[in-house]
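See below for work-v4.cif, which holds mmCIF, C-alpha atoms and all ligand atoms.
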data_data
loop_
_atom_site.label_atom_id
_atom_site.label_comp_id
_atom_site.auth_asym_id
_atom_site.auth_seq_id
_atom_site.Cartn_x
_atom_site.Cartn_y
_atom_site.Cartn_z
CA MET A 51 -40.34 193.33 114.08
CA ILE A 52 -36.77 194.27 115.07
CA PRO A 53 -34.72 191.53 113.35
CA GLU A 54 -32.02 191.16 116.00
CA LEU A 55 -34.68 190.36 118.57
CA SER A 56 -35.82 187.33 116.58
CA PHE A 57 -32.57 185.59 117.47
CA VAL A 58 -32.14 183.50 120.60
CA SER A 59 -29.03 182.06 122.17
CA PRO A 60 -27.96 179.01 120.12
CA TRP A 61 -27.03 177.36 123.41
CA THR A 62 -29.77 178.23 125.91
CA ARG A 63 -32.45 179.41 123.41
CA GLN A 64 -33.10 182.38 125.67
CA PRO A 65 -33.92 185.68 123.93
CA LEU A 66 -31.01 187.99 123.15
CA THR A 67 -30.95 191.71 123.77
CA LYS A 68 -29.04 194.39 121.90
CA ALA A 69 -26.10 195.99 123.70
CA ALA A 70 -26.71 199.65 124.54
CA ASP A 71 -23.97 200.73 122.08
CA GLY A 72 -25.47 198.53 119.33
CA SER A 73 -22.24 196.57 118.85
CA ALA A 74 -23.48 193.14 119.88
CA LEU A 75 -26.35 190.89 120.93
CA LEU A 76 -26.21 189.77 124.54
CA GLY A 77 -27.36 186.53 126.17
CA GLY A 78 -26.46 184.96 129.49
CA PRO A 79 -23.01 185.07 131.12
CA ASP A 80 -20.23 184.62 128.49
CA GLU A 81 -22.70 185.28 125.70
CA ARG A 82 -21.78 188.31 123.65
CA TYR A 83 -22.37 188.01 119.93
CA PRO A 84 -20.74 190.85 117.94
CA LEU A 85 -22.50 192.54 115.02
CA ILE A 86 -20.17 192.91 112.04
CA ASP A 87 -21.54 195.04 109.20
CA GLY A 88 -24.92 194.50 110.84
CA ILE A 89 -24.50 190.67 110.72
CA PRO A 90 -24.76 188.99 114.14
CA GLN A 91 -22.06 186.39 114.85
CA LEU A 92 -24.13 183.77 116.64
CA LEU A 93 -21.42 181.16 116.80
CA ILE A 94 -19.52 180.60 120.00
CA ARG A 95 -19.54 181.60 123.62
CA SER A 96 -16.27 182.71 125.18
CA GLY A 97 -13.89 179.79 125.56
CA GLN A 98 -15.93 177.43 123.38
CA VAL A 99 -14.52 175.57 120.37
CA GLN A 100 -16.42 175.82 117.08
CA ALA A 101 -17.65 172.29 116.21
CA SER A 102 -17.72 172.94 112.47
CA SER A 103 -14.38 174.77 112.42
CA GLU A 104 -13.00 172.78 109.45
CA SER A 105 -15.82 173.93 107.16
CA GLN A 106 -15.44 177.44 108.50
CA ALA A 107 -11.74 177.56 107.60
CA TYR A 108 -12.39 175.96 104.19
CA TYR A 109 -14.98 178.56 103.12
CA ARG A 110 -13.10 181.47 104.73
CA ASP A 111 -10.20 180.72 102.38
CA ARG A 112 -12.41 180.18 99.32
CA ALA A 113 -15.06 182.92 99.59
CA SER A 114 -13.45 185.01 96.84
CA GLU A 115 -13.20 182.13 94.34
CA TYR A 116 -16.45 180.40 95.27
CA ASP A 117 -18.61 182.24 92.75
CA ARG A 118 -16.39 181.38 89.79
CA GLY A 119 -16.33 177.69 90.80
CA ASN A 120 -20.09 177.72 91.10
CA GLU A 121 -20.55 179.17 87.61
CA VAL A 122 -18.23 176.52 86.19
CA MET A 123 -20.27 173.80 87.86
CA PHE A 124 -23.60 174.92 86.39
CA ALA A 125 -21.92 175.42 82.99
CA MET A 126 -20.41 171.91 82.91
CA LEU A 127 -23.80 170.45 83.83
CA LEU A 128 -25.38 172.45 80.97
CA ALA A 129 -27.80 174.08 83.40
CA ASP A 130 -29.26 177.56 83.66
CA GLU A 131 -28.28 178.41 87.25
CA GLU A 132 -31.06 180.88 88.01
CA GLN A 133 -33.79 178.63 86.59
CA THR A 134 -32.40 175.59 88.43
CA ARG A 135 -32.32 177.44 91.73
CA ARG A 136 -35.84 178.85 91.25
CA ASP A 137 -37.13 175.32 90.44
CA MET A 138 -35.48 173.97 93.59
CA PHE A 139 -36.91 176.47 96.02
CA ALA A 140 -40.32 176.29 94.32
CA GLN A 141 -40.56 173.05 96.31
CA LEU A 142 -40.81 175.15 99.48
CA GLU A 143 -44.33 176.16 98.40
CA LEU A 144 -43.84 179.61 99.94
CA ARG A 145 -46.77 181.99 100.32
CA PRO A 146 -46.80 185.77 100.69
CA ASP A 147 -45.38 186.69 104.11
CA SER A 148 -43.86 183.25 104.72
CA ARG A 149 -40.85 183.32 107.01
CA LEU A 150 -38.00 181.33 105.46
CA LEU A 151 -34.72 180.05 106.88
CA GLU A 152 -31.98 179.69 104.29
CA ILE A 153 -29.03 178.09 106.04
CA GLY A 154 -25.63 177.75 104.36
CA CYS A 155 -26.61 180.59 102.04
CA GLY A 156 -22.95 181.19 101.12
CA THR A 157 -22.58 184.13 98.76
CA CYS A 158 -26.37 184.55 98.45
CA ARG A 159 -26.78 182.98 95.00
CA ASP A 160 -30.22 181.66 96.03
CA THR A 161 -30.98 184.55 98.36
CA ILE A 162 -30.82 187.06 95.52
CA HIS A 163 -33.77 185.29 93.84
CA LEU A 164 -35.63 184.55 97.07
CA LEU A 165 -35.76 188.31 97.64
CA ASP A 166 -38.05 188.64 94.59
CA MET A 167 -40.83 187.14 96.72
CA PRO A 168 -42.83 189.05 99.36
CA ILE A 169 -41.41 186.95 102.22
CA ASP A 170 -39.08 187.32 105.22
CA VAL A 171 -35.73 185.62 104.61
CA PHE A 172 -33.28 184.73 107.38
CA ALA A 173 -30.14 183.79 105.45
CA GLY A 174 -27.34 182.36 107.56
CA ASP A 175 -23.93 180.83 107.05
CA LEU A 176 -21.05 179.56 109.13
CA SER A 177 -18.60 181.72 107.19
CA LEU A 178 -18.62 185.48 107.67
CA GLU A 179 -16.48 185.86 104.53
CA MET A 180 -19.10 184.10 102.39
CA LEU A 181 -21.87 186.24 103.91
CA LEU A 182 -19.97 189.49 103.31
CA THR A 183 -19.43 188.48 99.67
CA GLY A 184 -23.15 187.74 99.45
CA GLN A 185 -24.09 191.03 101.08
CA HIS A 186 -21.94 192.81 98.51
CA ARG A 187 -23.69 190.93 95.67
CA LEU A 188 -27.12 191.99 96.93
CA ARG A 189 -26.05 195.62 97.31
CA ARG A 190 -24.50 195.63 93.84
CA ALA A 191 -27.74 194.25 92.39
CA GLY A 192 -29.70 197.00 94.20
CA LYS A 193 -31.94 194.42 95.87
CA ASP A 194 -34.54 195.49 98.43
CA THR A 195 -33.17 193.86 101.58
CA SER A 196 -35.73 195.28 104.01
CA ARG A 197 -37.10 191.76 104.66
CA LEU A 198 -33.70 190.04 104.72
CA HIS A 199 -31.83 189.17 107.91
CA LEU A 200 -28.29 187.89 107.39
CA PHE A 201 -26.66 186.06 110.29
CA CYS A 202 -23.62 183.96 111.01
CA ALA A 203 -24.40 180.63 112.73
CA ASP A 204 -23.74 176.92 112.69
CA VAL A 205 -26.52 174.70 111.31
CA MET A 206 -25.88 172.40 114.28
CA HIS A 207 -26.97 175.13 116.74
CA LEU A 208 -29.50 177.44 115.12
CA PRO A 209 -30.29 180.65 117.02
CA PHE A 210 -34.07 180.33 116.76
CA THR A 211 -36.90 179.02 118.87
CA ASP A 212 -38.75 175.83 117.88
CA GLY A 213 -41.16 176.30 114.98
CA PHE A 214 -40.02 179.87 114.21
CA PHE A 215 -40.08 179.37 110.43
CA ASP A 216 -42.70 178.42 107.86
CA ALA A 217 -40.04 176.68 105.79
CA ALA A 218 -36.31 175.95 105.65
CA TYR A 219 -33.96 175.61 102.70
CA HIS A 220 -30.40 174.50 102.28
CA PHE A 221 -28.40 173.83 99.13
CA GLY A 222 -24.81 172.91 98.56
CA GLY A 223 -23.07 172.32 101.89
CA PHE A 224 -24.98 169.43 103.47
CA ASN A 225 -22.41 166.71 102.71
CA LEU A 226 -19.81 168.48 104.84
CA PHE A 227 -22.05 169.18 107.82
CA PRO A 228 -20.48 167.32 110.77
CA ASP A 229 -23.54 165.16 111.62
CA HIS A 230 -26.17 164.72 108.92
CA ARG A 231 -28.93 163.34 111.12
CA GLN A 232 -28.40 166.03 113.74
CA ALA A 233 -28.24 168.77 111.11
CA LEU A 234 -31.58 167.72 109.59
CA ALA A 235 -33.09 167.42 113.07
CA GLU A 236 -31.93 170.95 113.94
CA ILE A 237 -33.24 172.42 110.68
CA THR A 238 -36.56 170.64 111.25
CA ARG A 239 -36.74 171.85 114.86
CA VAL A 240 -36.98 175.48 113.84
CA VAL A 241 -39.76 174.83 111.27
CA ARG A 242 -43.39 174.93 112.41
CA PRO A 243 -45.57 171.79 112.21
CA ASN A 244 -46.74 171.32 108.59
CA GLY A 245 -43.91 173.59 107.40
CA ARG A 246 -41.63 172.37 104.63
CA VAL A 247 -37.91 171.50 104.57
CA VAL A 248 -35.91 171.30 101.31
CA VAL A 249 -32.28 170.19 101.35
CA GLY A 250 -29.93 169.34 98.48
CA ASP A 251 -26.27 168.71 97.70
CA GLU A 252 -23.92 166.72 95.47
CA GLY A 253 -24.85 163.04 95.22
CA ILE A 254 -25.17 160.99 92.06
CA ALA A 255 -28.57 159.35 91.49
CA PRO A 256 -28.49 155.59 92.24
CA TRP A 257 -29.15 154.57 88.63
CA LEU A 258 -26.14 156.61 87.48
CA ALA A 259 -23.76 155.33 90.16
CA ASN A 260 -21.77 153.20 87.73
CA SER A 261 -21.97 155.50 84.72
CA GLU A 262 -19.12 157.33 83.07
CA PHE A 263 -21.03 160.55 83.89
CA ALA A 264 -20.55 159.68 87.59
CA ARG A 265 -16.91 158.65 87.21
CA ILE A 266 -16.04 161.88 85.39
CA LEU A 267 -17.69 164.07 88.04
CA GLU A 268 -16.29 162.07 90.96
CA ASN A 269 -12.84 162.21 89.42
CA SER A 270 -12.81 166.00 89.68
CA ASN A 271 -14.80 166.43 92.87
CA HIS A 272 -15.03 163.69 95.51
CA LEU A 273 -18.20 165.31 96.93
CA PHE A 274 -20.15 163.68 94.07
CA ARG A 275 -19.43 160.33 95.81
CA HIS A 276 -21.94 161.25 98.51
CA ARG A 277 -25.39 159.69 98.30
CA ALA A 278 -28.78 161.12 99.25
CA PRO A 279 -28.91 160.85 103.07
CA LEU A 280 -32.39 159.33 103.17
CA ASP A 281 -31.68 157.47 106.41
CA CYS A 282 -31.04 160.79 108.17
CA ILE A 283 -34.52 162.20 107.50
CA PRO A 284 -36.39 162.66 110.82
CA VAL A 285 -39.17 160.17 111.62
CA ALA A 286 -41.56 163.14 111.87
CA ALA A 287 -41.12 163.80 108.12
CA ARG A 288 -44.22 163.38 105.94
CA GLN A 289 -44.79 163.62 102.17
CA VAL A 290 -41.10 162.94 101.62
CA THR A 291 -39.75 163.23 98.10
CA CYS A 292 -36.24 162.89 96.78
CA ARG A 293 -35.49 164.19 93.28
CA TRP A 294 -32.19 164.34 91.52
CA VAL A 295 -31.46 167.59 89.72
CA LEU A 296 -28.68 168.86 87.48
CA GLY A 297 -28.65 165.77 85.29
CA GLY A 298 -28.87 163.45 88.31
CA SER A 299 -25.75 164.79 90.03
CA PHE A 300 -27.41 166.49 93.04
CA TYR A 301 -30.12 165.10 95.35
CA LEU A 302 -32.95 167.34 96.50
CA ILE A 303 -34.93 166.09 99.49
CA SER A 304 -38.22 167.71 100.43
CA PHE A 305 -40.58 166.94 103.30
CA VAL A 306 -43.30 168.36 105.51
CA LYS A 307 -42.74 168.45 109.27
CA GLY A 308 -45.23 166.17 110.99
CA GLN A 309 -45.30 164.96 114.57
CA GLY A 310 -43.62 161.81 115.84
CA GLU A 311 -43.83 158.56 113.92
CA PRO A 312 -46.59 157.96 111.38
CA PRO A 313 -49.88 156.93 113.03
CA LEU A 314 -51.12 153.32 112.94
CA ASP A 315 -54.45 151.81 113.96
CA LEU A 316 -53.17 149.07 116.24
CA ASP A 317 -56.57 147.43 116.60
CA VAL A 318 -57.49 146.57 113.03
CA THR A 319 -57.87 142.79 113.12
CA PHE A 320 -56.20 140.71 110.45
CA PRO A 321 -58.15 138.04 108.61
CA GLY A 322 -56.70 134.56 108.24
CA ARG A 323 -55.30 131.83 110.41
CA ARG A 324 -52.91 133.92 112.50
CA GLY A 325 -55.47 136.66 113.17
CA GLY A 326 -54.97 139.22 115.91
CA SER A 327 -53.95 142.84 115.39
CA HIS A 328 -50.72 144.83 115.61
CA ARG A 329 -51.51 145.36 119.30
CA THR A 330 -51.69 141.63 120.04
CA ARG A 331 -48.87 140.68 117.68
CA TYR A 332 -46.42 143.35 118.81
CA PHE A 333 -47.38 144.40 122.34
CA GLY A 334 -48.90 141.09 123.47
CA LYS A 335 -45.97 138.84 122.59
CA LEU A 336 -45.41 135.93 124.99
CA GLU A 337 -42.74 133.25 125.23
CA GLY A 338 -42.68 130.37 122.78
CA VAL A 339 -43.91 126.84 123.44
CA SER A 340 -42.69 123.44 122.25
CA PRO A 341 -43.14 122.78 118.52
CA ALA A 342 -45.51 119.94 119.32
CA LEU A 343 -47.78 122.11 121.47
CA ARG A 344 -47.61 124.84 118.86
CA ASP A 345 -48.92 122.41 116.21
CA GLN A 346 -51.68 121.30 118.58
CA VAL A 347 -52.74 124.91 119.17
CA LEU A 348 -52.79 125.60 115.42
CA GLY A 349 -54.87 122.45 114.91
CA ALA A 350 -57.30 123.31 117.70
CA ALA A 351 -57.87 126.83 116.38
CA ALA A 352 -58.36 125.55 112.84
CA ALA A 353 -60.82 122.89 114.04
CA GLU A 354 -62.94 125.63 115.62
CA GLY A 355 -62.55 127.89 112.59
CA ILE A 356 -61.16 130.78 114.62
CA SER A 357 -57.85 132.57 114.44
CA VAL A 358 -54.92 131.45 116.55
CA VAL A 359 -54.96 134.75 118.41
CA ALA A 360 -58.65 134.42 119.20
CA TRP A 361 -58.12 130.84 120.42
CA LEU A 362 -55.19 131.87 122.62
CA GLU A 363 -56.98 134.91 124.06
CA ARG A 364 -59.93 132.76 125.07
CA THR A 365 -58.00 129.74 126.31
CA LEU A 366 -55.35 131.66 128.21
CA GLY A 367 -57.98 134.03 129.60
CA ARG A 368 -59.79 131.06 131.07
CA ALA A 369 -56.57 129.50 132.30
CA VAL A 370 -55.67 132.50 134.39
CA GLN A 371 -59.15 132.18 135.91
CA ASN A 372 -60.39 135.51 134.71
CA ALA A 373 -63.29 136.20 132.53
CA PRO A 374 -61.97 136.26 128.96
CA CYS A 375 -60.08 139.51 128.33
CA ASP A 376 -62.31 142.47 127.43
CA GLY A 377 -63.56 142.08 123.93
CA ALA A 378 -62.19 138.56 123.55
CA ASP A 379 -65.60 137.17 122.59
CA ASP A 380 -66.10 139.95 120.08
CA GLN A 381 -62.70 139.27 118.70
CA LEU A 382 -63.57 135.59 118.48
CA VAL A 383 -66.37 136.50 116.11
CA ALA A 384 -64.35 139.16 114.27
CA ASN A 385 -61.49 136.74 113.75
CA SER A 386 -63.61 133.78 112.63
CA PHE A 387 -62.55 132.29 109.40
CA ARG A 388 -63.09 129.10 107.57
CA PRO A 389 -60.25 127.65 105.56
CA LYS A 390 -61.19 127.45 101.90
CA GLY A 391 -62.49 124.15 100.57
C1 LIG B 1 -21.10 175.04 98.65
S1 LIG B 1 -21.55 176.39 99.61
C2 LIG B 1 -23.22 176.63 99.06
C3 LIG B 1 -23.65 178.04 99.20
C4 LIG B 1 -25.02 178.38 98.61
N1 LIG B 1 -26.08 177.67 99.28
C5 LIG B 1 -25.08 178.10 97.13
O1 LIG B 1 -25.87 177.24 96.73
O2 LIG B 1 -24.32 178.72 96.39
C6 LIG B 1 -21.80 175.68 101.22
C7 LIG B 1 -22.01 176.73 102.29
O3 LIG B 1 -22.37 176.06 103.49
C8 LIG B 1 -21.75 176.74 104.56
N2 LIG B 1 -21.61 175.84 105.70
C9 LIG B 1 -20.75 174.80 105.83
N3 LIG B 1 -20.89 174.23 107.03
C10 LIG B 1 -21.86 174.94 107.67
C11 LIG B 1 -22.44 174.84 108.97
N4 LIG B 1 -22.03 173.91 109.83
N5 LIG B 1 -23.41 175.71 109.30
C12 LIG B 1 -23.82 176.67 108.42
N6 LIG B 1 -23.30 176.81 107.20
C13 LIG B 1 -22.33 175.96 106.83
C14 LIG B 1 -20.39 177.16 104.00
O4 LIG B 1 -19.80 178.20 104.75
C15 LIG B 1 -20.77 177.53 102.58
O5 LIG B 1 -21.06 178.91 102.47
#
As a first step, turn the structure in this file into C-alpha cells.
Amino acid sequence: MIPELSFVSPWTRQPLTKAADGSALLGGPDERYPLIDGIPQLLIRSGQVQASSESQAYYRDRASEYDRGNEVMFAMLLADEEQTRRDMFAQLELRPDSRLLEIGCGTCRDTIHLLDMPIDVFAGDLSLEMLLTGQHRLRRAGKDTSRLHLFCADVMHLPFTDGFFDAAYHFGGFNLFPDHRQALAEITRVVRPNGRVVVGDEGIAPWLANSEFARILENSNHLFRHRAPLDCIPVAARQVTCRWVLGGSFYLISFVKGQGEPPLDLDVTFPGRRGGSHRTRYFGKLEGVSPALRDQVLGAAAAEGISVVAWLERTLGRAVQNAPCDGADDQLVANSFRPKG
C-alpha cells in the first residue's frame, strides 16, 4: 500500500492524490497539503483558521524541551517509562498486522515501542516540530520505520475514512483538545466496529482528589486538576474500563467500538402490581388521571389479580371499541399476579 494514498481530505473525506512533483497531496479546490520531510501536513485548506491553534503554538515552542519534562514526570512518579507505556498500549490488544492510529504522538515516545510489533502504525500530531523531533529519535535509534506513517493533523478532523483502523491510541494531550466529546467521537469514527480505543491523560483518581499527593502535583501542573472525561465517551462504547496509572495521577480509558446505544429487550414483562414492559411504560405513556380514579384503577386491577398495565390495556382497548390490542389477552395472563398473603 502506498501510505500517502491512505489519507483522505480531513474536510471532504475524498481520497487525496500525490502531486506530480511529489511535493504535496492534493484534494479538491483549495486543498493542497505539503509534504515536509515526507510528513503530510493535513491541517488546513487555504484561508482556513486552525481550530486547535493554541495547542499548536504551545507545542511548537516546547518541542525541544518536551522530552526532558517527560523524563522528569516519570521520575517523580517513580515509574519506569518504557514499562508504563507498554502496559498502557497492551490494552489495545493488537494482533499481527493490526492497523493502529496513534494520535498526538508528540516526539514518538510511545511510537518507538509500538514499532517493535509487526503492525502498521499511523502516528500523527498537530505539531510538526514535535513530529520532526520524534522522527529524529526513531532514526537515531535505528528503528525499522517501513510500517510507520507519520502525519500532521488535528484530532478534531482526522484524514481517514470511517473504520480505517483496527485500534486507536492517544496519551498525554487529551485534556487540551478543544472539545473532548467531539475528539473522542472523531477518534472512534476512524476505528472499525469491534476495534478498540485507548485514551489517557493527567487526571487524579477520585479517591485521591483530596490527598496531599494530588495537591502537590496540582500545585506544579494544573493539568492534574482534570478528571477522567467519562461523560464524553460515545454511547456506542462497549466493555468500557477506566484505570488510573502512574500512582493514580493519570486516567486511562479503554473501550470497544459498538453500534448505537446498548440493546434492550423492550418486551420483557415485569412481574408485580405495575406490570407492563419498557415498551408500554416508556413508549405507551398517556396523560394522568385524577388521584381518585387512579386509586380506583389500582384497586380494580388488584381485585382481579392482574397488573395495572394489563387492566388498562384491556379496559381502554374495549373503550375505544376495538378488540383488545394484539396480545393483550396473552399479556393479561403473563402479567397475572396475586398479592402475597
Ligand atoms: C503531552 S504531549 C504527549 C505526546 C506523546 N503522546 C507522549 O505521550 O509523549 C501532547 C501532544 O498532543 C498533541 N496535540 C495537542 N492538540 C492536538 C490536536 N488537536 N490534534 C492532534 N494532536 C494534538 C501535541 O502537539 C503534543 O505533541
TODO: Give the residues close to ligand LIG 1 (chain B), within 9 Å, counting all atoms listed in the file; write them as a PyMOL selection string.
DONE: chain A and resi 101-110+113+116-117+120+135+152-161+174-181+202-208+219-228+233+251
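From CA of Val358 (chain A) back to CA of Asp345 (chain A), the distance works out to 10.9 Å.
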- [ ] Just the residues within 9 Å of region 209-212 of chain A, please, counting all atoms listed in the file, with nothing from its chain fewer than 6 positions along; format it as a ChimeraX atom specification.
- [x] /A:56-61,63-65,92-93,203,238-242
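Summary of the local environment: counting all atoms listed in the file, residues at most 10 Å from region 259-262 of chain A, other than itself and those fewer than 6 positions away along its chain, are Gly253, Glu268, Phe274, Arg275, Arg277, Gly298 and Ser299 of chain A.
Counting only C-alpha atoms and comparing A:Phe139, A:Phe172, A:Trp257, A:Phe300, the residue that lies closest to Phe215 (chain A) is A:Phe172.
In terms of minimum interatomic distance to Gly308 (chain A), A:Asn244 ranks closest within A:Leu343, A:Val249, A:Asn244, A:Trp294, counting all atoms listed in the file.
Going from CA of Arg187 (chain A) to CA of Ile162 (chain A) covers 8.1 Å.
Between CA of Ser270 (chain A) and CA of Val295 (chain A) lies a distance of 18.7 Å.
Using all atoms listed in the file, the smallest distance between any of A:Ser73, A:Gln133, A:Asn271, A:Gln141 and Ile303 (chain A) comes from A:Gln141.
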Open item on the list: Neighbouring residues of Ala287 (chain A) were defined as those with any atom within 12 Å, considering all atoms listed in the file; residues of the same chain fewer than 4 positions away were excluded. Please report them as JSON, numbers by chain.
Closed with: {"A": [234, 235, 237, 238, 239, 241, 243, 244, 245, 246, 247, 248, 280, 281, 282, 283, 291, 303, 304, 305, 306, 307, 308, 309, 310, 311, 312]}
Task: For Ala74 (chain A): contacts at 6 Å, all atoms listed in the file, fewer than 2 positions along chain excluded, given as a ChimeraX atom specification - done: /A:69,72,83-85
